[in-house]
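Just below is one structure, and these are the notes that go with it.
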Amino acid sequence: MLDIRFVRENPDVVKENIKKKFQDHKIPMVDEAIRLDEERRANQAEADALRNEKNKISKEIGALMAQGKKEEAEVVKKKVAENAARLKELEAKAPEIEEALRKIMLVLPNIIDPSVPIGKNDTENVEVKRYGEPVVPDFEVPYHTDIMEKLAGIDLDSARKVAGNGFYYLIGDVARLHSAVLAYARDFMINKGFTYVVPPFMIRSDVVTGVMSFDEMEAMMYKIEGEDLYLIGTSEHSMIGRFIDTMVDEDKLPMTFTSYSPCFRKEKGAHGLEERGVYRIHQFEKQEMIVICKPEESMEWFDKLWSYTVELFRSMDIPVRTLECCSGDLADLKVKSIDVEAWSPRQQKYFEVGSCSNLGDAQARRLQIRVKGESGKYLAHTLNNTVVAPPRMLIAFLENNLNEDGSVRIPEALRPYMGGMEVMKAK
């Protein structure tokens with residue numbers, strides 16, 4: 001969320017930013033926000049003046065009564081009553097103006113970083129760099145669920161009966177691999193100096209609106225019927241929410257966390273062939289990175305975070321590339337975002353396995369996460385990034401480590417988490 005003072009002082013900048021995100025329907029909202037802000041401030045100024053006058057007149061009435069000037073005192077009292085009625089009107093109107101302004105401010109997009117490429121949607125994202133040589137083996141790579149079935153590692157039919165489409169049972173070595181990857185990612189981040197956290201898996205609505213845009217919330221979140229609770233779509237939500245309405249000492253920054261959680265997502269809409277199986281599902285598990293830092297350090301941390309994901313995937317012999325998200329593909333709270341995509345030998349193309357985002361002070365402003373430093377108080381910057389999110393990550397793992405006989409090689413880094421296993425054998 002933008003600072004209303006910034007909008008008031010830089011309306012052309014805000015409008016140009018909206019154009020860059022191809023959200024022209026929001027341009028009139030800028031002028032309306034400025035108008036509401038002016039009305040709010042005028043309302044507040046008049047109310048303050050009436051309160052001050054009330055105190056002054058009260059003293060005047062006391063003096064007149066002391067002098068025996070009752071008629072004059074009654075005239076002044078009438079003025080007090082008129083002022084009280086007007087003050088009541090202003091006080092009743094104030095929350096209406098505030099709410100109308102807040103609704104607009106919540107949907108105005110954050111100012112994107114100058115380095116962000118301009119484009120309408122994800123088809124115009126820009127490749128930055130490739131890591132590792134993408135290999136296509138000289139044998140056919142089966143669909144990922146076929147690989148899992150040969151390993152006796154998945155049951156989708158039973159899951160459909162129990163929970164519907166978009167759910168799965170992972171079994172045996174594949175289930176163990178799933179847990180091993182998460183444990184390895186956890187320790188990988190702990191070794192980078194991050195603090196491990198297991199957060200709540202449900203959050204209240206004030207946290208939801210603090211960490212994400214309305215469009216994202218509608219597309220993603222499951223609400224608990226009859227309660228002010230939502231299932232999290234990622235642990236970032238409850239991790240950032242942990243600091244709602246807090247004042248952090250500057251000497252505690254940066255705060256770096258790696259969190260584990262299950263994630264629940266609606267995943268609305270029809271999906272293509274390659275999104276069958278466990279690619280796009282309603283329930284999965286994820287290891288996340290979260291950073292709360294000084295504004296001047298956020299871009300440095302942004303580059304560190306996505307590089308950690310690249311390093312993790314390369315340690316498991318999975319080729320990846322980084323992709324700069326264009327302006328039209330950025331969620332409204334984001335300043336800058338880079339996706340990490342893994343190579344699929346079967347499709348012979350890359351697909352998304354993680355996303356790194358710098359949100360500037362947008363979440364901090366919504367949640368009032370402030371920092372107390374030597375030079376005063378200011379809003380923190382927040383960042384998040386996917387360390388690893390199986391089972392989607394398992395698709396890349398299985399395809400890139402598949403042998404012709406249907407067995408799957410376990411990279412050396414992961415073997416301690418698989419009980420020393422070097423190969424997962426077809427059953």
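Every chain in the structure tokens takes a letter, A first, then B, and so on in the order presented; its residues are numbered from 1, and the ligands are numbered from 1 following the presented order.
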### Task
For A:Gly406, list every protein, DNA or RNA residue within 8 Å, evaluated using only C-alpha atoms, and leave out those in the same chain fewer than 2 positions away; present the list as a ChimeraX atom specification.
/A:147,150-151,402-404,408,425-426
Restricting the output to N, CA, C and O atoms, write the selected residues as a compact mmCIF listing (two decimals), in the first residue's frame.
```txt
# COMPACT_ATOMS: atom_id res chain seq x y z
N ILE A 147 6.08 -41.97 -13.77
CA ILE A 147 7.34 -42.29 -13.08
C ILE A 147 7.05 -42.70 -11.64
O ILE A 147 7.56 -43.70 -11.13
N LYS A 150 5.47 -46.18 -11.33
CA LYS A 150 6.44 -47.27 -11.48
C LYS A 150 7.27 -47.46 -10.22
O LYS A 150 7.79 -48.55 -9.97
N LEU A 151 7.36 -46.40 -9.43
CA LEU A 151 8.05 -46.49 -8.14
C LEU A 151 7.08 -46.87 -7.01
O LEU A 151 7.46 -46.89 -5.85
N LEU A 402 16.18 -39.34 -13.68
CA LEU A 402 15.61 -40.61 -14.12
C LEU A 402 16.61 -41.42 -14.94
O LEU A 402 17.34 -40.89 -15.78
N ASN A 403 16.65 -42.73 -14.68
CA ASN A 403 17.43 -43.66 -15.49
C ASN A 403 16.52 -44.37 -16.47
O ASN A 403 15.30 -44.43 -16.30
N GLU A 404 17.10 -44.93 -17.50
CA GLU A 404 16.32 -45.56 -18.57
C GLU A 404 15.48 -46.73 -18.06
O GLU A 404 14.40 -47.00 -18.59
N VAL A 408 15.49 -44.05 -10.24
CA VAL A 408 15.82 -42.62 -10.08
C VAL A 408 17.05 -42.49 -9.20
O VAL A 408 17.09 -43.01 -8.08
N LYS A 425 14.42 -47.60 -6.87
CA LYS A 425 14.21 -48.60 -7.90
C LYS A 425 12.74 -48.78 -8.22
O LYS A 425 11.87 -48.68 -7.34
N ALA A 426 12.47 -49.01 -9.50
CA ALA A 426 11.10 -49.29 -9.94
C ALA A 426 10.61 -50.57 -9.27
O ALA A 426 11.37 -51.52 -9.07
```
### Query
Skipping near chain neighbours, those fewer than 5 positions away, what residues fall within 10 Å of A:Asn121 using only C-alpha atoms, listed as a PyMOL selection string?
chain A and resi 21-22+325-330
Next, the residues of the selection above should be written as a PDB file, in the first residue's frame with N, CA, C and O atoms.
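Result file result_5.pdb:
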```
ATOM      1  N   LYS A  21       1.610  -1.030 -15.408  1.00  0.00           N
ATOM      2  CA  LYS A  21       1.045  -2.315 -15.003  1.00  0.00           C
ATOM      3  C   LYS A  21      -0.222  -2.661 -15.788  1.00  0.00           C
ATOM      4  O   LYS A  21      -0.892  -3.646 -15.484  1.00  0.00           O
ATOM      5  N   PHE A  22      -0.564  -1.819 -16.765  1.00  0.00           N
ATOM      6  CA  PHE A  22      -1.698  -2.061 -17.649  1.00  0.00           C
ATOM      7  C   PHE A  22      -3.005  -2.197 -16.860  1.00  0.00           C
ATOM      8  O   PHE A  22      -3.820  -3.078 -17.107  1.00  0.00           O
ATOM      9  N   CYS A 325      10.147 -11.057 -13.757  1.00  0.00           N
ATOM     10  CA  CYS A 325       8.718 -10.848 -13.990  1.00  0.00           C
ATOM     11  C   CYS A 325       8.476  -9.431 -14.500  1.00  0.00           C
ATOM     12  O   CYS A 325       8.976  -8.464 -13.932  1.00  0.00           O
ATOM     13  N   CYS A 326       7.703  -9.323 -15.563  1.00  0.00           N
ATOM     14  CA  CYS A 326       7.414  -8.013 -16.145  1.00  0.00           C
ATOM     15  C   CYS A 326       6.348  -7.289 -15.315  1.00  0.00           C
ATOM     16  O   CYS A 326       5.721  -7.879 -14.427  1.00  0.00           O
ATOM     17  N   SER A 327       6.138  -6.020 -15.627  1.00  0.00           N
ATOM     18  CA  SER A 327       5.254  -5.165 -14.830  1.00  0.00           C
ATOM     19  C   SER A 327       3.841  -5.718 -14.726  1.00  0.00           C
ATOM     20  O   SER A 327       3.227  -5.694 -13.650  1.00  0.00           O
ATOM     21  N   GLY A 328       3.299  -6.232 -15.825  1.00  0.00           N
ATOM     22  CA  GLY A 328       1.939  -6.731 -15.814  1.00  0.00           C
ATOM     23  C   GLY A 328       1.764  -8.045 -15.088  1.00  0.00           C
ATOM     24  O   GLY A 328       0.633  -8.445 -14.770  1.00  0.00           O
ATOM     25  N   ASP A 329       2.854  -8.740 -14.802  1.00  0.00           N
ATOM     26  CA  ASP A 329       2.804 -10.027 -14.100  1.00  0.00           C
ATOM     27  C   ASP A 329       3.048  -9.874 -12.608  1.00  0.00           C
ATOM     28  O   ASP A 329       2.959 -10.845 -11.867  1.00  0.00           O
ATOM     29  N   LEU A 330       3.370  -8.656 -12.180  1.00  0.00           N
ATOM     30  CA  LEU A 330       3.638  -8.418 -10.762  1.00  0.00           C
ATOM     31  C   LEU A 330       2.334  -8.211 -10.000  1.00  0.00           C
ATOM     32  O   LEU A 330       1.491  -7.411 -10.410  1.00  0.00           O
TER      33      LEU A 330
END
```
### Query
Given the choices A:Gly354, A:Arg176, A:Leu323, A:Glu422, which gets closest to A:Thr123 if the distance is worked out from only C-alpha atoms?
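Among A:Gly354, A:Arg176, A:Leu323, A:Glu422, it is A:Leu323 that comes nearest to A:Thr123.
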### Task
Just list the residues in stretch 190-284 of chain A DSSP gives strand (DSSP E) on the backbone, as a PyMOL selection string.
chain A and resi 195-197+202-203+222-223+230-231+246-249+255-264+283-284
A:Leu170 surroundings by only C-alpha atoms, 6 Å radius, close-in-sequence under 4 positions cut, as a PDB file with N, CA, C and O atoms, in the first residue's frame:
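The file below, around-v4.pdb, is the result:
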```
ATOM      1  N   GLY A 153       4.685 -45.095  -5.913  1.00  0.00           N
ATOM      2  CA  GLY A 153       4.790 -43.947  -5.024  1.00  0.00           C
ATOM      3  C   GLY A 153       3.634 -42.978  -5.024  1.00  0.00           C
ATOM      4  O   GLY A 153       3.697 -41.965  -4.316  1.00  0.00           O
ATOM      5  N   ILE A 154       2.549 -43.253  -5.774  1.00  0.00           N
ATOM      6  CA  ILE A 154       1.447 -42.297  -5.797  1.00  0.00           C
ATOM      7  C   ILE A 154       0.130 -43.016  -6.026  1.00  0.00           C
ATOM      8  O   ILE A 154       0.070 -44.042  -6.708  1.00  0.00           O
ATOM      9  N   ALA A 175       7.164 -40.785  -1.105  1.00  0.00           N
ATOM     10  CA  ALA A 175       6.780 -40.019   0.084  1.00  0.00           C
ATOM     11  C   ALA A 175       8.011 -39.674   0.918  1.00  0.00           C
ATOM     12  O   ALA A 175       8.139 -38.563   1.447  1.00  0.00           O
TER      13      ALA A 175
END
```
Can you check which parts of stretch 177-255 of chain A lie within 12 Å of stretch 386-399 of chain A? Per residue, the shortest pair of atoms and distance in Å to one decimal, counting only C-alpha atoms, sorted by chain and number, as a tab-separated table.
```
residue	atom	partner	partner_atom	distance
A:Leu177	CA	A:Leu394	CA	8.3
A:His178	CA	A:Pro390	CA	6.3
A:Ser179	CA	A:Pro390	CA	8.7
A:Ala180	CA	A:Pro390	CA	10.2
A:Val181	CA	A:Pro390	CA	7.7
A:Leu182	CA	A:Val388	CA	7.2
A:Ala183	CA	A:Val388	CA	10.3
A:Tyr184	CA	A:Val388	CA	9.8
A:Ala185	CA	A:Val387	CA	6.6
A:Arg186	CA	A:Val387	CA	8.5
A:Asp187	CA	A:Val387	CA	11.0
A:Phe188	CA	A:Val387	CA	9.2
A:Met189	CA	A:Val387	CA	8.1
A:Ile190	CA	A:Val387	CA	11.6
A:Lys192	CA	A:Val387	CA	11.9
A:Phe194	CA	A:Val387	CA	11.8
A:Gly233	CA	A:Ala389	CA	12.0
A:Thr234	CA	A:Thr386	CA	9.3
A:Ser235	CA	A:Thr386	CA	9.9
A:Glu236	CA	A:Thr386	CA	9.4
```
Write the residues of the selection above to a file with C-alpha atoms, as an mmCIF file, in the first residue's frame.
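File out.cif, as written:
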```
data_model
loop_
_atom_site.group_PDB
_atom_site.id
_atom_site.type_symbol
_atom_site.label_atom_id
_atom_site.label_comp_id
_atom_site.auth_asym_id
_atom_site.auth_seq_id
_atom_site.Cartn_x
_atom_site.Cartn_y
_atom_site.Cartn_z
ATOM 1 C CA LEU A 177 11.787 -38.345 -1.024
ATOM 2 C CA HIS A 178 9.141 -35.638 -0.529
ATOM 3 C CA SER A 179 10.016 -35.360 3.173
ATOM 4 C CA ALA A 180 13.752 -35.653 2.483
ATOM 5 C CA VAL A 181 13.701 -32.691 0.120
ATOM 6 C CA LEU A 182 11.922 -30.548 2.717
ATOM 7 C CA ALA A 183 14.343 -31.601 5.465
ATOM 8 C CA TYR A 184 17.335 -30.919 3.229
ATOM 9 C CA ALA A 185 15.938 -27.493 2.287
ATOM 10 C CA ARG A 186 15.346 -26.705 5.974
ATOM 11 C CA ASP A 187 18.940 -27.516 6.915
ATOM 12 C CA PHE A 188 20.254 -25.762 3.796
ATOM 13 C CA MET A 189 18.640 -22.504 4.938
ATOM 14 C CA ILE A 190 19.619 -22.962 8.589
ATOM 15 C CA LYS A 192 22.717 -19.916 5.599
ATOM 16 C CA PHE A 194 18.156 -18.378 8.809
ATOM 17 C CA GLY A 233 -1.645 -20.318 0.837
ATOM 18 C CA THR A 234 1.984 -19.978 1.904
ATOM 19 C CA SER A 235 3.758 -19.574 5.241
ATOM 20 C CA GLU A 236 4.805 -16.064 4.213
#
```
### Task
Would you please extract all helix (DSSP H, G or I) residues from stretch 64-237 of chain A, as assigned by DSSP on the backbone, and give them as a count of residues only?
94
### Query
Can you list, as a list in words, every protein, DNA or RNA residue that comes within 6 Å of A:Tyr260 when you count only C-alpha atoms, leaving out same-chain residues fewer than 6 positions away?
Val198, Lys286 and Gln287 of chain A
Store the residues picked out above in a file with N, CA and C atoms, as an mmCIF file, in the first residue's frame.
```
data_model
loop_
_atom_site.group_PDB
_atom_site.id
_atom_site.type_symbol
_atom_site.label_atom_id
_atom_site.label_comp_id
_atom_site.auth_asym_id
_atom_site.auth_seq_id
_atom_site.Cartn_x
_atom_site.Cartn_y
_atom_site.Cartn_z
ATOM 1 N N VAL A 198 8.058 -22.992 12.489
ATOM 2 C CA VAL A 198 6.818 -23.629 12.046
ATOM 3 C C VAL A 198 5.684 -22.712 12.511
ATOM 4 N N LYS A 286 5.695 -26.675 1.725
ATOM 5 C CA LYS A 286 6.699 -25.762 1.196
ATOM 6 C C LYS A 286 7.641 -25.290 2.285
ATOM 7 N N GLN A 287 8.887 -25.082 1.890
ATOM 8 C CA GLN A 287 9.874 -24.412 2.731
ATOM 9 C C GLN A 287 10.064 -23.017 2.149
#
```
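Of note, atom CA of A:Phe302 and atom CA of A:Arg102 are spaced 28.7 Å apart.
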